[in-house]
Each structure stands twice: as C-alpha cells, then as structure tokens.
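S.K.: My questions will all concern the structure given below.
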There are 2 protein chains.
Amino acid sequence: MLSFTEENYLKSLFQLTIESATKSEAGTNELAAHLGVKPATVNDMLKKLKEKNLVKYEKYAKSSLTKEGKKIAIEIIRKHRLWETFLVEKLSFTWDEVHEVAEQLEHIQSKKLIDKLDELLNFPNADPHGDCIPNAKGEMNILPRKTLLEEIVGHQCKMVGVKDNSAAFLKYVDKLGLSINQTIKVKAKQDYDQQIDIVINGKKHSISPKFAEQIIIVCPTCSKKK
Amino acid sequence: MLSFTEENYLKSLFQLTIESATKSEAGTNELAAHLGVKPATVNDMLKKLKEKNLVKYEKYAKSSLTKEGKKIAIEIIRKHRLWETFLVEKLSFTWDEVHEVAEQLEHIQSKKLIDKLDELLNFPNADPHGDCIPNAKGEMNILPRKTLLEEIVGHQCKMVGVKDNSAAFLKYVDKLGLSINQTIKVKAKQDYDQQIDIVINGKKHSISPKFAEQIIIVCPTCSKKK
DNA sequence: TATATATGTTAGACTAGTCAAACAAATTAA
DNA sequence: TTAATTTGTTTGACTAGTCTAACATATATA
C-alpha cells in the first residue's frame with residue numbers, strides 16, 4: 001500500500017512523461033516544481049520509489065516510471081478523472097472547482113467504489129476537461145498533446161486547451177467558435193505564408209501560424225497510426 | 001486544519017461520550033482500544049488536542065470534548081454517515097461494506113461537496129445503519145441506543161440494528177416483520193418469565209428476553225424525558 | 001488499611017516526509 | 001578549455017504519529 005505522497009509522485013511522473021507529447025523522462029527540478037516541493041525532497045523519494053521498483057532512477061539522470069509504476073499511476077489518474085466527472089455531473093460543480101477536491105478523492109482505496117462510480121457515470125471516456133479516463137483494466141488512449149500548428153493536413157483533432165491566456169487571444173478564440181472539446185479539421189496549409197485553413201462547426205476559417213501555436217489539441221488519427 | 005488522525009480522535013471521543021447512553025467521559029485505555037492504538041499514543045494526542053482547545057483533559061482523569069471539539073466531531077460524523085448513505089443508495093453497496101470506505105471519505109475537506117451530497121441524497125435523517133445524520137448546521141438528534149429488553153413498557157421505539165448476525169436469528173427477525181427503522185411498541189412484560197409483548201405494524205407478538213436483548217433500538221420518548 | 005490490579009503517564013526511540021544549506025556533476029558560453 | 005550556470009545530491013535537522021518499557025496513580029479487594 002502506497003502513501004498519499006508516493007501516489008502523488010507517481011502521478012506527477014506520469015503527467016510529465018507519458019502524458020507529455022515532448023518528453024518521456026523528467027528531471028528532479030521539474031518534478032519538484034510540479035509537486036510544489038524542493039528538489040532535495042524529490043531526490044529522496046525517487047530513491048525510495050526506485051527501491052519499490054516503481055521508477056527508473058539513476059544518479060544525475062532523468063527519471064521515468066517502470067511498468068508497474070505506470071500501472072499504479074494510471075489507476076490514480078482514473079480515480080481522479082472519474083471523481084471530477086462525478087462532481088460536475090452529479091453534484092453540479094464547475095470545472096474550475098473540481099480539481100482540488102479530486103486531488104483528495106483520488107487517494108481513496110476501494111476498487112469497488114471506483115468501479116461503481118464508473119458505472120453510475122455510464123463509463124465515461126473523458127473527464128470534464130476533456131482528458132481521457134482509463135477503463136477498469138487500465139487501458140487508456142493516451143493522446144499526446146500538441147499545438148494546432150503541428151497538426152497534419154487532413155486530420156481532425158480536438159481542442160483541449162490554450163497556451164495564451166490573454167483577453168485579446170481568448171476573445172478571438174471565442175469568436176472563431178472554439179472551445180474545449182471543440183472538433184477542428186485542418187484543411188490546408190499555405191506554403192507561402194503558413195496560414196492554416198481549418199473547419200469549425202462546418203465553418204471555414206484561415207488562421208495564422210502564430211495563433212495556431214497557442215491552441216493545444218489532441219489528434220486521435222495521429223495516435224492510431226502508431 | 002486538523003490531520004486525519006486528530007479528526008479520528010475527536011470522532012472516537014464523540015462516540016464514546018456524547019453518543020453513549022451510559023457515560024459522558026472516556027478514559028485513555030478505552031480510547032486506545034476504540035482507535036486501535038496504544039494508551040501512550042492516546043495520551044500524547046489528548047495533550048495536543050487540549051492545547052488546541054478541542055478536548056477537556058486533566059492528568060489521571062477521564063476526558064471529553066469541548067464545545068468546539070464537539071462541533072468538529074459532528075461535522076466528521078455527518079460526512080461519514082452521508083457517505084455511507086451515498087454508497088448504499090447510489091452505488092449499491094451493502095451495509096457491511098460501507099464502513100471501511102466511509103472511514104476514508106469522511107476526511108475529505110470540502111464543505112460544498114458534502115452539502116451537495118446531502119442534497120443529492122435528499123437530506124436524509126439517518127444513515128443505512130439507522131444512525132442519525134446531523135444537518136448542515138450541525139444539529140442532530142442524539143438518541144442513545146439500547147436493547148429492546150431495556151425498553152420501558154408503554155414506549156414506542158425504533159429498531160436501529162441487531163447484535164446477533166446468525167442466519168437463524170435474522171430469519172426470525174424477518175418473520176416478525178422487523179427491519180431497520182421499523183417502529184416497535186412495547187405493550188407489556190410478563191413478570192413470571194420476562195416474555196415481552198410487542199406490536200409491530202399493528203400485529204402483536206410475544207418475544208423472549210433472549211431475543212429482545214439482540215435487538216438494538218432508540219427511543220425518542222426516553223430521550224425527551226431527560 | 002495494605003496490597004494487588006487497573007489505569008494512566010513519561011521517556012526515549014523510530015519512520016515518513018519535509019526543508020535549508022553545502023556540495024558535486026553536467027552543461028553552456030566565453 | 002576554462003569559467004559560469006544549471007541541475008542534481010547529500011547531510012543534518014525538524015515535525016507528526018507511533019511504539020515499548022519503565023514508572024506513577026487510582027481503585028478494588030482481602
């Protein structure tokens with residue numbers, strides 16, 4: 001049985017490596033920042049989790065999860081996201097309120113509880129933020145995130161977030177009809193100025209690469225090809 | 001903010017004193033047994049909780065909750081019992097499965113969560129074991145438990161549990177039309193053999209003292225007289 | 001009332017998780 | 001290729017919660 005703290009380290013490591021589009025390992029400082037503790041603390045814990053065969057760790061090198069560590073991390077992610085879904089759907093919480101409570105609820109130990117909750121919610125595939133929920137077997141679609149700029153012409157993707165949070169930017173996002181979970185189809189890229197032609201809700205738009213770079217997406221089509 | 005452990009001490013103290021029909025204070029050994037730790041540990045914690053003004057504690061004397069300690073204990077009891085109700089009603093847990101999970105859930109910190117849960121369950125007055133659930137203001141009917149054997153002739157009481165869990169016993173309970181929350185009226189006690197005449201759902205029955213001793217009840221009439 | 005038994009307390013030790021500060025290695029830039 | 005900077009590690013210390021073992025007080029009983 002792992003402590004709350006150990007579970008949190010595994011979860012952070014998962015988010016920083018497996019759920020990241022860009023890296024598959026994480027450094028001590030990076031983990032410390034993510035967890036809100038000091039690097040020294042992370043260092044101790046990495047050694048401890050290595051002993052338990054849950055993380056791959058070597059002095060002065062980046063760390064990652066072992067197969068077993070990953071399995072546990074997925075269980076925690078599953079719990080977190082199911083609870084978030086429960087809070088929004090059954091208890092009318094808003095998106096921004098759920099995280100803090102789900103951080104607590106994710107550590108409750110009861111397989112039956114979580115499977116029943118899954119059933120009550122009708123086996124959802126994604127939480128209110130659009131993040132994938134692993135099923136009871138631990139299977140999950142890990143859709144790597146990237147920006148709309150990187151999306152391949154012809155693919156259809158889903159918006160999952162933004163990088164820029166300025167009012168001007170968000171206003172434009174809104175004007176285009178974009179929001180979390182909105183489907184976007186990339187029609188074409190102009191060679192001479194990198195403008196991107198996209199379709200949102202059946203409507204065509206042409207966006208700049210600068211704008212596209214601020215939109216975070218996941219692409220099921222890209223992932224299936226792997 | 002109290003730790004899980006501190007919360008558990010307050011809860012135990014509440015159950016051992018305020019919710020007990022017989023005592024209003026608890027000793028160190030008694031608390032230790034209830035919490036599953038050693039008396040020395042309880043001793044340290046009592047001193048700590050005294051510092052925080054949550055318990056009344058003096059060396060070599062019995063302890064009890066302060067007003068503030070009681071308030072917090074009631075919040076925990078409320079959470080515990082609402083979660084139990086949720087598990088049984090919404091996730092089809094059985095009575096005997098809920099306790100362990102509720103022990104974990106009761107420590108989740110979120111006023112909104114618990115009030116929304118209360119609402120989802122339609123503001124129940126009692127949990128699946130028949131124990132009273134305090135409302136959002138912390139008001140609760142504390143009905144001391146006793147056995148049907150101890151009930152006063154003429155009073156009407158409510159069954160809240162059983163002591164015996166054998167199939168033979170439960171079968172007989174069922175045959176009499178008894179179940180949790182069932183109202184029972186005590187009509188008479190025979191002097192020569194202690195048989196008890198009761199009325200359940202308008203039907204008269206005569207039960208043995210041995211049987212009556214296994215039925216746990218609460219009596220609003222007795223409590224009001226205090 | 002003297003003694004045996006109950007109950008309660010203290011002291012010292014251990015573990016988990018954390019940090020600050022000093023130190024070491026690796027990387028980047030001059 | 002040396003120096004500056006970034007990143008990672010170690011050491012020693014602190015807190016919370018727990019325990020064992022020794023000790024102190026209170027209560028019950030002979």
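Chain labels A, B, ... are given in the sequence in which chains occur in the structure tokens; within each chain residues are numbered consecutively from 1, and ligands are likewise numbered from 1 in the order shown.
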Over all Cα atoms paired in order, how far apart are chain B and chain A after a least-squares superposition, as an RMSD in Å?
M.R.: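 1.4 Å is the C-alpha RMSD between the two chains.
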S.K.: Show me, as a PyMOL selection string, the residues of chain C whose atoms get within 9 Å of chain B, using only C-alpha atoms (C1' of nucleotides) for the distance check.
M.R.: chain C and resi 7-10
S.K.: For those residues, write N, CA and C atoms (P, O5', C5', C4', C3', O3' and C1' of nucleotides) to a file as a PDB file, in the first residue's frame.
M.R.:
ATOM      1  P    DT C   7      -9.014  -1.134  33.649  1.00  0.00           P
ATOM      2  O5'  DT C   7      -8.263   0.274  33.749  1.00  0.00           O
ATOM      3  C5'  DT C   7      -8.646   1.212  34.729  1.00  0.00           C
ATOM      4  C4'  DT C   7      -7.654   2.343  34.698  1.00  0.00           C
ATOM      5  C3'  DT C   7      -7.396   2.885  33.284  1.00  0.00           C
ATOM      6  O3'  DT C   7      -7.861   4.219  33.281  1.00  0.00           O
ATOM      7  C1'  DT C   7      -5.382   2.633  34.512  1.00  0.00           C
ATOM      8  P    DG C   8      -7.608   5.188  32.041  1.00  0.00           P
ATOM      9  O5'  DG C   8      -6.230   5.878  32.428  1.00  0.00           O
ATOM     10  C5'  DG C   8      -6.164   6.687  33.604  1.00  0.00           C
ATOM     11  C4'  DG C   8      -4.793   7.317  33.692  1.00  0.00           C
ATOM     12  C3'  DG C   8      -4.341   8.025  32.414  1.00  0.00           C
ATOM     13  O3'  DG C   8      -3.883   9.325  32.780  1.00  0.00           O
ATOM     14  C1'  DG C   8      -2.701   6.485  33.110  1.00  0.00           C
ATOM     15  P    DT C   9      -3.144  10.271  31.754  1.00  0.00           P
ATOM     16  O5'  DT C   9      -1.609   9.971  32.052  1.00  0.00           O
ATOM     17  C5'  DT C   9      -1.079  10.337  33.328  1.00  0.00           C
ATOM     18  C4'  DT C   9       0.433  10.293  33.289  1.00  0.00           C
ATOM     19  C3'  DT C   9       1.066  11.135  32.187  1.00  0.00           C
ATOM     20  O3'  DT C   9       2.022  11.977  32.822  1.00  0.00           O
ATOM     21  C1'  DT C   9       1.920   8.913  32.126  1.00  0.00           C
ATOM     22  P    DT C  10       2.809  13.080  32.013  1.00  0.00           P
ATOM     23  O5'  DT C  10       4.248  12.400  31.802  1.00  0.00           O
ATOM     24  C5'  DT C  10       4.860  11.780  32.917  1.00  0.00           C
ATOM     25  C4'  DT C  10       6.151  11.109  32.466  1.00  0.00           C
ATOM     26  C3'  DT C  10       6.961  11.886  31.444  1.00  0.00           C
ATOM     27  O3'  DT C  10       8.268  12.039  32.002  1.00  0.00           O
ATOM     28  C1'  DT C  10       6.665   9.632  30.739  1.00  0.00           C
TER      29       DT C  10
END
S.K.: Give me, as a PyMOL selection string, the residues of chain D touching chain B, with the criterion being at most 9 Å (counting only C-alpha atoms (C1' of nucleotides)).
M.R.: chain D and resi 17-19+25-26
S.K.: So what do you get for atom CA of Glu97 of chain B versus atom CA of Ser110 of chain A, distance-wise?
M.R.: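 Distance between the two atoms: 10.3 Å.
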S.K.: Would you pick out the contacts of DT11 of chain D at 12 Å or less, using only C-alpha atoms (C1' of nucleotides), so that residues sharing its chain but fewer than 5 positions from it are not included, and give the list as a ChimeraX atom specification?
M.R.: /A:40 /C:19-23
S.K.: Output as a tab-separated table one row per residue of chain B within 10 Å of chain A: the closest atom pair and its distance in Å to one decimal place, counting only C-alpha atoms, sorted by chain and residue number ascending.
M.R.:
residue	atom	partner	partner_atom	distance
B:Leu87	CA	A:Leu113	CA	7.9
B:Lys90	CA	A:Leu120	CA	7.7
B:Leu91	CA	A:Lys116	CA	5.7
B:Ser92	CA	A:Lys116	CA	8.1
B:Phe93	CA	A:Leu113	CA	8.5
B:Glu97	CA	A:Lys112	CA	9.7
B:Val98	CA	A:Leu113	CA	9.5
B:Glu100	CA	A:Ser110	CA	9.0
B:Val101	CA	A:Ser110	CA	6.8
B:Ala102	CA	A:Ile108	CA	9.5
B:Glu103	CA	A:Ile108	CA	9.7
B:Gln104	CA	A:Ile108	CA	6.3
B:Leu105	CA	A:Ile108	CA	7.0
B:His107	CA	A:Gln104	CA	9.0
B:Ile108	CA	A:Gln104	CA	6.3
B:Gln109	CA	A:Val101	CA	7.4
B:Ser110	CA	A:Val101	CA	6.8
B:Lys112	CA	A:Phe93	CA	8.7
B:Leu113	CA	A:Leu91	CA	7.5
B:Ile114	CA	A:Leu91	CA	9.6
B:Asp115	CA	A:Leu91	CA	9.4
B:Lys116	CA	A:Leu91	CA	5.7
B:Leu117	CA	A:Leu91	CA	6.8
B:Asp118	CA	A:Leu91	CA	9.9
B:Glu119	CA	A:Leu91	CA	8.6
B:Leu120	CA	A:Leu91	CA	7.2
S.K.: Could you give me the residues within segment 7-198 of chain B that DSSP places in strand (DSSP E or B), as a ChimeraX atom specification?
M.R.: /B:26,55-56,63-65,126,132,145-147,156-162,183-189,196-198
